[in-house]
$ cat run20.cif   # mmCIF, C-alpha atoms and all ligand atoms
data_target
#
loop_
_atom_site.label_atom_id
_atom_site.label_comp_id
_atom_site.auth_asym_id
_atom_site.auth_seq_id
_atom_site.Cartn_x
_atom_site.Cartn_y
_atom_site.Cartn_z
CA MET Q 1 118.15 114.38 94.80
CA GLU Q 2 121.18 116.27 96.06
CA ASN Q 3 124.04 114.94 98.19
CA GLU Q 4 125.86 117.04 100.84
CA LYS Q 5 127.93 118.72 98.14
CA GLY Q 6 124.76 119.90 96.44
CA GLU Q 7 125.24 117.60 93.45
CA SER Q 8 122.28 115.83 91.94
CA SER Q 9 122.52 112.08 91.42
CA SER Q 10 120.29 112.52 88.41
CA ILE Q 11 121.67 113.09 84.95
CA PHE Q 12 118.87 115.54 84.39
CA LYS Q 13 120.38 118.21 86.66
CA MET Q 14 116.83 118.85 87.62
CA GLY Q 15 116.90 122.58 87.35
CA ASN Q 16 117.65 123.08 83.69
CA SER Q 17 115.18 123.37 80.88
CA ALA Q 18 114.05 120.23 79.09
CA GLN Q 19 116.35 120.92 76.13
CA GLU Q 20 119.42 121.48 78.29
CA ARG Q 21 118.64 118.34 80.22
CA SER Q 22 118.71 116.24 77.09
CA LEU Q 23 121.76 114.03 76.75
CA PRO Q 24 123.18 112.65 73.49
CA TYR Q 25 123.30 109.11 74.95
CA VAL Q 26 121.49 106.95 77.52
CA PRO Q 27 123.66 106.23 80.60
CA ASP Q 28 123.73 102.61 81.81
CA CYS Q 29 121.74 103.31 84.96
CA TYR Q 30 118.71 104.02 82.73
CA ALA Q 31 118.90 100.79 80.73
CA VAL Q 32 115.82 98.66 81.42
CA PRO Q 33 115.79 94.84 81.11
CA PRO Q 34 114.43 93.64 77.74
CA SER Q 35 111.40 92.11 79.51
CA TYR Q 36 110.18 95.64 80.30
CA GLU Q 37 110.13 96.66 76.68
CA PRO Q 38 108.95 93.78 74.46
CA ARG Q 39 108.59 95.89 71.34
CA ASP Q 40 107.75 92.92 69.10
CA ALA Q 41 104.61 92.22 71.14
CA LEU Q 42 103.28 95.77 70.84
CA ASP Q 43 99.79 95.96 69.42
CA SER Q 44 99.37 99.12 67.41
CA ASN Q 45 95.73 98.45 66.67
CA PHE Q 46 94.24 101.54 68.27
CA GLU Q 47 90.71 100.28 67.73
CA ILE Q 48 90.87 97.76 70.51
CA VAL Q 49 91.23 100.24 73.39
CA PRO Q 50 87.67 100.70 74.76
CA THR Q 51 86.23 104.20 74.38
CA ILE Q 52 83.14 105.18 76.34
CA ASP Q 53 80.82 108.13 75.76
CA ILE Q 54 80.43 109.12 79.38
CA SER Q 55 77.76 111.78 78.74
CA ARG Q 56 75.21 108.93 78.55
CA LEU Q 57 75.60 108.44 82.31
CA LYS Q 58 73.36 111.49 82.61
CA GLY Q 59 70.92 110.26 79.95
CA SER Q 60 67.91 107.94 80.14
CA ASP Q 61 67.93 104.81 82.33
CA ASP Q 62 68.65 102.74 79.25
CA GLU Q 63 71.56 104.92 78.23
CA ARG Q 64 73.03 104.78 81.73
CA ARG Q 65 72.64 100.99 81.78
CA GLY Q 66 74.45 100.81 78.43
CA VAL Q 67 77.43 102.80 79.76
CA ILE Q 68 77.56 100.68 82.91
CA GLN Q 69 77.77 97.52 80.80
CA GLU Q 70 80.53 98.93 78.59
CA LEU Q 71 82.41 100.08 81.64
CA SER Q 72 82.09 96.72 83.37
CA SER Q 73 83.41 94.91 80.33
CA ALA Q 74 86.34 97.38 79.92
CA CYS Q 75 87.23 97.00 83.61
CA GLN Q 76 87.28 93.20 83.33
CA LEU Q 77 89.13 92.91 80.04
CA PHE Q 78 91.53 95.88 80.22
CA GLY Q 79 91.29 97.61 83.62
CA PHE Q 80 91.34 100.67 81.41
CA PHE Q 81 89.14 102.77 79.13
CA GLN Q 82 89.11 106.12 77.36
CA ILE Q 83 86.31 108.63 77.84
CA VAL Q 84 84.78 111.06 75.38
CA ASN Q 85 82.07 113.69 75.93
CA HIS Q 86 83.23 114.01 79.53
CA GLY Q 87 82.17 117.64 79.73
CA ILE Q 88 85.56 119.21 80.51
CA ASN Q 89 86.23 122.12 78.21
CA GLN Q 90 89.23 121.75 75.87
CA ASN Q 91 90.65 125.09 77.10
CA ILE Q 92 90.87 123.75 80.63
CA LEU Q 93 92.80 120.69 79.42
CA ASP Q 94 95.13 122.77 77.21
CA ASP Q 95 95.76 125.29 80.00
CA ALA Q 96 96.69 122.58 82.50
CA LEU Q 97 99.17 121.02 80.07
CA GLU Q 98 100.59 124.45 79.31
CA VAL Q 99 101.25 125.45 82.94
CA ALA Q 100 102.71 121.99 83.64
CA HIS Q 101 105.13 122.43 80.75
CA GLY Q 102 105.88 125.96 81.93
CA PHE Q 103 106.81 124.68 85.38
CA PHE Q 104 109.40 122.23 84.01
CA GLU Q 105 110.93 124.98 81.89
CA LEU Q 106 111.64 127.17 84.94
CA PRO Q 107 115.20 127.80 86.13
CA ALA Q 108 116.70 125.44 88.72
CA LYS Q 109 116.33 127.88 91.59
CA GLU Q 110 112.53 127.93 91.27
CA LYS Q 111 112.06 124.19 91.09
CA LYS Q 112 114.53 123.30 93.81
CA LYS Q 113 112.17 124.78 96.38
CA PHE Q 114 109.98 121.73 95.88
CA MET Q 115 112.70 119.07 95.69
CA SER Q 116 112.04 116.18 98.04
CA ASN Q 117 112.32 112.42 98.16
CA ASP Q 118 109.88 112.16 101.05
CA VAL Q 119 106.90 110.20 99.71
CA TYR Q 120 104.75 111.70 102.50
CA ALA Q 121 105.35 115.32 101.38
CA PRO Q 122 102.12 116.88 100.04
CA VAL Q 123 104.14 118.67 97.33
CA ARG Q 124 107.36 117.26 95.92
CA TYR Q 125 109.55 117.53 92.86
CA THR Q 126 112.02 114.83 91.89
CA THR Q 127 113.05 112.44 89.10
CA SER Q 128 112.63 108.72 88.33
CA ILE Q 129 110.43 107.21 91.13
CA LYS Q 130 112.67 107.48 94.20
CA ASP Q 131 115.69 109.28 92.75
CA GLY Q 132 119.02 107.78 93.78
CA LEU Q 133 117.33 104.83 95.49
CA ASP Q 134 115.79 102.95 92.54
CA LYS Q 135 118.00 100.19 91.09
CA ILE Q 136 117.04 101.36 87.62
CA GLN Q 137 116.56 105.08 86.93
CA PHE Q 138 113.67 106.36 84.83
CA TRP Q 139 113.67 109.16 82.29
CA ARG Q 140 111.08 111.19 84.12
CA ILE Q 141 110.90 114.42 86.10
CA PHE Q 142 107.77 115.01 88.12
CA LEU Q 143 105.91 117.23 90.50
CA LYS Q 144 103.46 115.50 92.78
CA HIS Q 145 100.92 117.45 94.76
CA TYR Q 146 97.76 116.86 96.70
CA ALA Q 147 94.73 118.55 95.18
CA HIS Q 148 91.68 117.87 97.33
CA PRO Q 149 90.30 119.73 99.15
CA LEU Q 150 91.86 122.37 96.95
CA HIS Q 151 91.83 125.18 99.55
CA ARG Q 152 93.93 123.03 101.87
CA TRP Q 153 96.78 122.43 99.41
CA ILE Q 154 96.77 125.06 96.67
CA HIS Q 155 98.83 127.59 98.68
CA LEU Q 156 101.66 125.01 98.74
CA TRP Q 157 101.72 124.62 94.94
CA PRO Q 158 104.19 126.45 92.66
CA GLN Q 159 103.50 130.16 92.15
CA ASN Q 160 105.36 130.00 88.89
CA PRO Q 161 104.30 130.01 86.11
CA PRO Q 162 102.04 132.74 87.56
CA GLU Q 163 98.89 131.00 86.32
CA TYR Q 164 99.89 127.55 87.60
CA ARG Q 165 97.58 127.54 90.63
CA GLU Q 166 94.57 128.93 88.82
CA LYS Q 167 94.80 126.75 85.72
CA MET Q 168 95.92 123.52 87.38
CA GLY Q 169 93.37 124.15 90.16
CA LYS Q 170 90.53 124.43 87.66
CA PHE Q 171 91.61 121.22 85.93
CA CYS Q 172 91.84 119.38 89.28
CA GLU Q 173 88.35 120.44 90.34
CA GLU Q 174 86.80 119.35 87.05
CA VAL Q 175 88.63 116.04 87.00
CA ARG Q 176 87.64 115.37 90.57
CA SER Q 177 83.93 115.74 89.93
CA LEU Q 178 84.33 113.47 86.90
CA SER Q 179 86.07 110.90 89.13
CA LEU Q 180 83.10 110.84 91.51
CA GLU Q 181 80.73 110.26 88.61
CA ILE Q 182 82.88 107.42 87.29
CA MET Q 183 83.25 105.85 90.74
CA GLY Q 184 79.45 105.95 91.13
CA ALA Q 185 79.13 104.08 87.83
CA ILE Q 186 81.78 101.56 88.90
CA THR Q 187 80.08 100.73 92.21
CA GLU Q 188 76.74 100.54 90.39
CA SER Q 189 78.25 98.13 87.87
CA LEU Q 190 79.30 95.88 90.77
CA GLY Q 191 75.73 95.82 92.12
CA LEU Q 192 76.68 97.96 95.12
CA GLY Q 193 74.68 101.01 94.09
CA ARG Q 194 75.80 104.39 92.86
CA ASP Q 195 76.41 105.89 96.32
CA TYR Q 196 78.31 103.01 97.89
CA LEU Q 197 81.50 105.09 98.25
CA SER Q 198 80.18 108.61 97.55
CA SER Q 199 80.21 110.00 101.06
CA ARG Q 200 83.64 108.55 101.86
CA MET Q 201 85.17 109.86 98.64
CA ASP Q 202 83.33 113.17 98.87
CA LYS Q 203 84.28 114.06 102.42
CA ASN Q 204 87.79 112.72 102.95
CA GLY Q 205 88.79 111.27 99.59
CA MET Q 206 92.27 112.07 98.32
CA GLN Q 207 93.28 113.47 94.94
CA VAL Q 208 96.97 113.33 94.13
CA MET Q 209 98.28 114.91 90.94
CA ALA Q 210 101.34 113.39 89.29
CA VAL Q 211 102.52 116.08 86.87
CA ASN Q 212 104.99 114.15 84.70
CA CYS Q 213 107.60 115.39 82.22
CA TYR Q 214 109.53 113.01 79.97
CA PRO Q 215 112.31 114.88 78.13
CA PRO Q 216 113.36 113.67 74.66
CA CYS Q 217 115.45 110.50 74.90
CA PRO Q 218 118.25 109.74 72.38
CA ASP Q 219 117.38 106.02 72.43
CA PRO Q 220 113.77 105.32 73.48
CA THR Q 221 114.34 101.57 73.06
CA THR Q 222 116.73 101.31 76.02
CA ALA Q 223 115.11 103.55 78.66
CA LEU Q 224 111.60 104.06 80.02
CA GLY Q 225 109.75 107.01 81.53
CA LEU Q 226 108.04 104.72 84.04
CA PRO Q 227 108.34 100.94 84.45
CA PRO Q 228 105.38 98.56 84.32
CA HIS Q 229 103.25 99.26 87.42
CA SER Q 230 99.66 99.64 88.54
CA ASP Q 231 98.33 102.64 90.46
CA TYR Q 232 97.35 102.20 94.10
CA SER Q 233 94.35 104.52 93.76
CA CYS Q 234 90.71 103.68 93.02
CA ILE Q 235 90.99 105.29 89.60
CA THR Q 236 93.48 107.51 87.78
CA ILE Q 237 92.33 109.97 85.13
CA LEU Q 238 95.12 110.85 82.72
CA LEU Q 239 95.69 113.62 80.20
CA GLN Q 240 98.72 113.55 77.87
CA ASN Q 241 100.10 115.74 75.08
CA LEU Q 242 101.65 112.88 73.04
CA THR Q 243 101.39 109.10 72.77
CA GLY Q 244 103.67 107.16 75.10
CA LEU Q 245 101.33 105.43 77.53
CA GLU Q 246 101.23 101.65 77.02
CA ILE Q 247 98.85 99.32 78.83
CA PHE Q 248 99.13 95.58 79.30
CA HIS Q 249 96.04 93.91 77.83
CA LEU Q 250 95.71 90.85 80.05
CA SER Q 251 93.08 89.01 78.04
CA ALA Q 252 94.90 89.26 74.70
CA HIS Q 253 96.80 86.29 73.21
CA GLY Q 254 94.76 83.63 74.98
CA GLY Q 255 95.44 85.16 78.36
CA SER Q 256 99.22 85.59 78.03
CA GLY Q 257 98.63 89.30 77.39
CA ARG Q 258 100.33 91.91 75.26
CA TRP Q 259 101.29 95.60 75.36
CA VAL Q 260 99.01 98.10 73.66
CA LEU Q 261 100.02 101.65 72.78
CA VAL Q 262 97.20 103.99 73.79
CA PRO Q 263 96.39 106.46 71.00
CA GLU Q 264 96.39 110.19 71.60
CA VAL Q 265 93.22 111.86 70.39
CA LYS Q 266 92.77 115.47 71.43
CA GLY Q 267 90.33 115.92 74.29
CA VAL Q 268 90.06 112.21 75.14
CA LEU Q 269 90.85 111.30 78.76
CA LYS Q 270 92.16 107.94 79.93
CA VAL Q 271 90.90 106.09 83.00
CA HIS Q 272 93.06 103.50 84.80
CA ILE Q 273 91.54 101.06 87.24
CA GLY Q 274 93.75 101.12 90.32
CA ASP Q 275 94.55 98.51 92.97
CA HIS Q 276 91.74 99.66 95.28
CA VAL Q 277 89.03 99.04 92.67
CA GLU Q 278 90.51 95.56 92.11
CA VAL Q 279 89.99 95.01 95.87
CA LEU Q 280 86.53 96.62 95.79
CA SER Q 281 85.47 94.20 93.04
CA ASN Q 282 87.08 91.22 94.81
CA GLY Q 283 89.25 90.67 91.74
CA LEU Q 284 86.57 90.91 89.03
CA TYR Q 285 88.11 94.17 87.79
CA LYS Q 286 91.88 94.22 87.31
CA SER Q 287 94.13 97.17 88.05
CA VAL Q 288 95.87 97.91 84.77
CA ILE Q 289 99.61 97.42 84.41
CA HIS Q 290 100.98 100.32 82.41
CA LYS Q 291 104.25 102.05 81.57
CA ALA Q 292 105.42 105.34 80.03
CA THR Q 293 107.57 105.08 76.91
CA LEU Q 294 109.74 107.86 75.49
CA ASN Q 295 110.00 110.06 72.44
CA GLU Q 296 113.24 110.80 70.62
CA GLU Q 297 112.40 114.38 69.70
CA LYS Q 298 109.65 115.75 71.84
CA THR Q 299 109.00 116.38 75.51
CA ARG Q 300 106.01 114.40 76.67
CA ILE Q 301 103.82 115.76 79.48
CA SER Q 302 101.19 113.71 81.30
CA LEU Q 303 98.88 114.74 84.10
CA ALA Q 304 97.79 111.75 86.15
CA SER Q 305 95.07 112.54 88.67
CA LEU Q 306 94.81 109.75 91.25
CA HIS Q 307 91.58 109.42 93.22
CA SER Q 308 91.29 107.35 96.36
CA LEU Q 309 89.65 107.08 99.76
CA GLY Q 310 91.05 109.17 102.63
CA MET Q 311 94.59 108.69 103.95
CA ASP Q 312 93.62 106.17 106.65
CA ASP Q 313 90.31 104.96 105.24
CA LYS Q 314 90.60 101.24 104.48
CA MET Q 315 89.32 99.72 101.25
CA SER Q 316 88.02 96.21 101.85
CA VAL Q 317 86.09 93.62 99.85
CA PRO Q 318 82.34 94.40 100.31
CA TYR Q 319 80.40 91.67 102.14
CA GLN Q 320 77.84 91.79 99.29
CA LEU Q 321 80.44 90.31 96.93
CA VAL Q 322 81.51 87.49 99.22
CA ASN Q 323 79.95 84.04 99.77
CA ASN Q 324 81.12 80.48 100.37
CA GLU Q 325 82.10 79.91 96.75
CA ASN Q 326 83.63 83.32 96.39
CA PRO Q 327 85.57 84.26 99.53
CA ALA Q 328 87.32 87.61 100.01
CA ARG Q 329 90.53 87.53 98.00
CA TYR Q 330 92.22 90.67 99.39
CA ARG Q 331 93.12 92.15 102.76
CA GLU Q 332 91.96 95.67 103.54
CA SER Q 333 94.38 98.59 103.10
CA SER Q 334 94.58 102.37 103.00
CA PHE Q 335 96.45 105.00 101.00
CA ASN Q 336 98.79 105.32 103.98
CA ASP Q 337 99.55 101.59 103.78
CA PHE Q 338 100.53 102.11 100.16
CA LEU Q 339 102.93 104.91 101.11
CA ALA Q 340 104.55 102.64 103.70
CA PHE Q 341 104.93 100.00 100.96
CA LEU Q 342 106.48 102.57 98.62
CA VAL Q 343 109.08 103.54 101.22
CA LYS Q 344 110.16 99.92 101.72
CA ASN Q 345 109.96 98.57 98.17
CA ASP Q 346 111.50 99.26 94.79
CA ILE Q 347 108.72 99.57 92.21
CA SER Q 348 111.39 99.66 89.50
CA GLN Q 349 111.96 95.96 90.26
CA GLY Q 350 108.33 95.07 89.56
CA GLU Q 351 107.08 94.92 93.17
CA ARG Q 352 103.31 95.55 93.28
CA PHE Q 353 101.26 96.74 96.26
CA ILE Q 354 98.26 94.62 95.18
CA ASP Q 355 100.36 91.45 95.48
CA THR Q 356 100.88 92.16 99.18
CA LEU Q 357 97.09 92.28 99.68
CA ARG Q 358 96.16 88.94 98.11
CA ILE Q 359 94.83 86.30 100.49
CA LYS Q 360 96.34 82.96 99.50
CA ASP Q 361 93.97 79.94 99.31
O1 LIG Q 401 102.82 109.25 81.79
C1 LIG Q 401 102.05 108.30 81.70
O2 LIG Q 401 101.47 108.02 80.65
C2 LIG Q 401 101.81 107.40 82.87
C3 LIG Q 401 101.91 108.10 84.20
C4 LIG Q 401 101.69 107.15 85.32
O3 LIG Q 401 101.52 105.98 85.13
C5 LIG Q 401 101.68 107.63 86.71
O4 LIG Q 401 101.96 108.81 86.97
O5 LIG Q 401 101.36 106.78 87.59
FE FE Q 402 100.65 104.99 86.79
#

$ encode --input "run20.cif" --output "structure tokens"
Amino acid sequence: MENEKGESSSIFKMGNSAQERSLPYVPDCYAVPPSYEPRDALDSNFEIVPTIDISRLKGSDDERRGVIQELSSACQLFGFFQIVNHGINQNILDDALEVAHGFFELPAKEKKKFMSNDVYAPVRYTTSIKDGLDKIQFWRIFLKHYAHPLHRWIHLWPQNPPEYREKMGKFCEEVRSLSLEIMGAITESLGLGRDYLSSRMDKNGMQVMAVNCYPPCPDPTTALGLPPHSDYSCITILLQNLTGLEIFHLSAHGGSGRWVLVPEVKGVLKVHIGDHVEVLSNGLYKSVIHKATLNEEKTRISLASLHSLGMDDKMSVPYQLVNNENPARYRESSFNDFLAFLVKNDISQGERFIDTLRIKD
């Protein structure tokens, strides 16, 4: 973000190319507390991250039931799973990553048009989380833009690289229809039926793209791309070019949990359970705490597509999941409520939206 003199508070001088932005050292404002980065507890056993063949959702009743069971177990144990055979062509994934990278390589002048720290802006470009306001800064540059309905927002997106709108637009449309399919399976797995949220998500549902760039970092052990957090959305579908995403596996280590590095396998998409599915399930499914770690040599790009109900549409605990023994554990809230929370709170300090929704016994 720029002050009156036109200087950026960010070390990244947001306009330059990723290479020029790279510093030979990590300034103090980027140093994260050791508790954010417990390297010794990292589980590098890739096998344990659940992977689901999503094509079976369209198969026989038995196949669909099998997927629903796997999904339910992944949502309870991890709040996270990977999907294969999702039906999105590899070219579409590669093209979206390519135009995202191309955008961050543009000269300052181009990118500055989108610079904003207003969390309500439908298109904004900035660094960290709230640049200049976060107590700790994060080694991340990002473009955030709304993506659904596409015709309403696409004319606000970058026109450079020239194929940005077409290629990112195609990716967004494909990922959105996948999100509806997955949400149908999630509500079915909760006994609410496949169409419990369909019309609300279909008509007014939001899709927000976080197009993230993490330049090479001279000391990846001291800084982070993003601190531990959960997403406010129903689900997030994520595509990355390199490993770096770590999730907190709650059920590991007798419930004390541990960090797991998510593997990168070409073509595999990642699905995060967000705060609003935790509410929807009355706490049976957990929104996954995750963070973005850094690479010493390479620029990491991730495309996080967040899917939620409409701006003012409230997610509440369904009456079907509530009885005397199992009362509602969360207050209702909307996407707009999350934005108000984001304005007032510093996520870099570990504040979580979901914690503000819990109903105390
Ligand atoms: O870059 C990543 O792997 C994580 C991105 C993320 O968590 C987000 O944009 O909310
Ligand atoms: Fe996230």

$ closest_residue --input "run20.cif" --among "Q:Ala96, Q:Leu261, Q:Val175, Q:Leu309" --to "Asp202 (chain Q)" --atoms "only C-alpha atoms"
Q:Leu309

$ closest_residue --input "run20.cif" --among "Q:Pro122, Q:Pro161, Q:Pro149, Q:Gly350" --to "His229 (chain Q)" --atoms "all atoms listed in the file"
Q:Gly350

$ closest_atom_pairs --input "run20.cif" --of "chain Q" --to "ligand LIG 401 (chain Q)" --cutoff "10 Å" --atoms "only C-alpha atoms and all ligand atoms" --output "tab-separated table"
residue	atom	partner	partner_atom	distance
Q:Ile129	CA	Q:LIG401	O4	9.6
Q:Arg140	CA	Q:LIG401	O1	8.8
Q:Phe142	CA	Q:LIG401	O4	8.6
Q:Leu143	CA	Q:LIG401	O4	9.9
Q:Lys144	CA	Q:LIG401	O4	9.0
Q:Val208	CA	Q:LIG401	O4	9.8
Q:Met209	CA	Q:LIG401	O4	8.2
Q:Ala210	CA	Q:LIG401	O4	5.2
Q:Val211	CA	Q:LIG401	O4	7.3
Q:Asn212	CA	Q:LIG401	O1	6.1
Q:Cys213	CA	Q:LIG401	O1	7.8
Q:Tyr214	CA	Q:LIG401	O1	7.9
Q:Gly225	CA	Q:LIG401	O1	7.3
Q:Leu226	CA	Q:LIG401	O3	6.7
Q:Pro227	CA	Q:LIG401	O3	8.5
Q:Pro228	CA	Q:LIG401	O3	8.4
Q:His229	CA	Q:LIG401	O3	7.3
Q:Ser230	CA	Q:LIG401	O5	7.4
Q:Asp231	CA	Q:LIG401	O5	5.9
Q:Tyr232	CA	Q:LIG401	O5	8.9
Q:Ser233	CA	Q:LIG401	O5	9.6
Q:Thr236	CA	Q:LIG401	O5	7.9
Q:Ile237	CA	Q:LIG401	C5	9.8
Q:Leu238	CA	Q:LIG401	O2	7.3
Q:Leu239	CA	Q:LIG401	O2	8.1
Q:Gln240	CA	Q:LIG401	O2	6.8
Q:Asn241	CA	Q:LIG401	O2	9.6
Q:Leu242	CA	Q:LIG401	O2	9.0
Q:Thr243	CA	Q:LIG401	O2	8.0
Q:Gly244	CA	Q:LIG401	O2	6.0
Q:Leu245	CA	Q:LIG401	O2	4.1
Q:Glu246	CA	Q:LIG401	O2	7.3
Q:Ile247	CA	Q:LIG401	O2	9.3
Q:Val262	CA	Q:LIG401	O2	9.0
Q:Lys270	CA	Q:LIG401	O2	9.3
Q:His272	CA	Q:LIG401	O3	8.8
Q:Gly274	CA	Q:LIG401	O5	9.9
Q:Val288	CA	Q:LIG401	O3	9.9
Q:Ile289	CA	Q:LIG401	O3	8.8
Q:His290	CA	Q:LIG401	O3	6.3
Q:Lys291	CA	Q:LIG401	O3	6.0
Q:Ala292	CA	Q:LIG401	C1	4.8
Q:Thr293	CA	Q:LIG401	O2	7.7
Q:Leu294	CA	Q:LIG401	O1	9.5
Q:Arg300	CA	Q:LIG401	O1	7.9
Q:Ile301	CA	Q:LIG401	O1	7.0
Q:Ser302	CA	Q:LIG401	O1	4.8
Q:Leu303	CA	Q:LIG401	O1	7.1
Q:Ala304	CA	Q:LIG401	O4	5.2
Q:Ser305	CA	Q:LIG401	O4	8.0
Q:Leu306	CA	Q:LIG401	O5	8.1

$ residues_near_point --input "run20.cif" --point "(85.2, 97.6, 87.0)" --cutoff "6 Å" --atoms "all atoms listed in the file" --output "count of residues only"
4

$ closest_residue --input "run20.cif" --among "Q:Asn282, Q:Gln137, Q:Ser189, Q:Ser287" --to "ligand FE 402 (chain Q)" --atoms "only C-alpha atoms and all ligand atoms"
Q:Ser287

$ residues_around --input "run20.cif" --residues "Tyr120 (chain Q)" --least-positions-apart "6" --cutoff "12 Å" --atoms "all atoms listed in the file" --output "list in words"
Lys144, His145, Tyr146, Val208, Met311, Phe335, Asn336, Asp337, Phe338, Leu339, Ala340, Phe341, Leu342 and Val343 of chain Q

$ residues_around --input "run20.cif" --residues "Tyr196 (chain Q)" --least-positions-apart "5" --cutoff "12 Å" --atoms "all atoms listed in the file" --output "VMD selection string"
chain Q and resid 180 183 to 191 201 to 202 280 315 318 320

$ atom_distance --input "run20.cif" --atom1 "CA of Lys203 (chain Q)" --atom2 "CA of His155 (chain Q)"
20.2 Å

$ atom_distance --input "run20.cif" --atom1 "CA of Met206 (chain Q)" --atom2 "CA of Glu166 (chain Q)"
19.5 Å

$ closest_residue --input "run20.cif" --among "Q:Arg64, Q:Leu321, Q:Arg56, Q:Cys234" --to "ligand FE 402 (chain Q)" --atoms "all atoms listed in the file"
Q:Cys234

$ closest_residue --input "run20.cif" --among "Q:Glu296, Q:Glu325, Q:Glu110, Q:Asp361" --to "Pro24 (chain Q)" --atoms "all atoms listed in the file"
Q:Glu296

$ closest_residue --input "run20.cif" --among "Q:Arg65, Q:His307, Q:Arg194, Q:Lys167" --to "ligand FE 402 (chain Q)" --atoms "only C-alpha atoms and all ligand atoms"
Q:His307

$ atom_distance --input "run20.cif" --atom1 "CA of Lys298 (chain Q)" --atom2 "CA of Leu97 (chain Q)"
14.3 Å

$ axis_aligned_box --input "run20.cif" --around "region 306-309 of chain Q" --padding-each-side "8 Å" --output "JSON"
{"center_x": 92.2, "center_y": 108.4, "center_z": 95.5, "size_x": 21.2, "size_y": 18.7, "size_z": 24.5}

$ residues_around --input "run20.cif" --residues "Leu150 (chain Q)" --least-positions-apart "5" --cutoff "10 Å" --atoms "only C-alpha atoms" --output "list in words"
His155, Arg165, Gly169, Lys170, Cys172, Glu173 and Gln207 of chain Q

$ residues_near_point --input "run20.cif" --point "(93.4, 93.6, 103.9)" --cutoff "12 Å" --atoms "all atoms listed in the file" --output "PyMOL selection string"
chain Q and resi 276+279-280+282+313-318+328-334+337-338+353-360
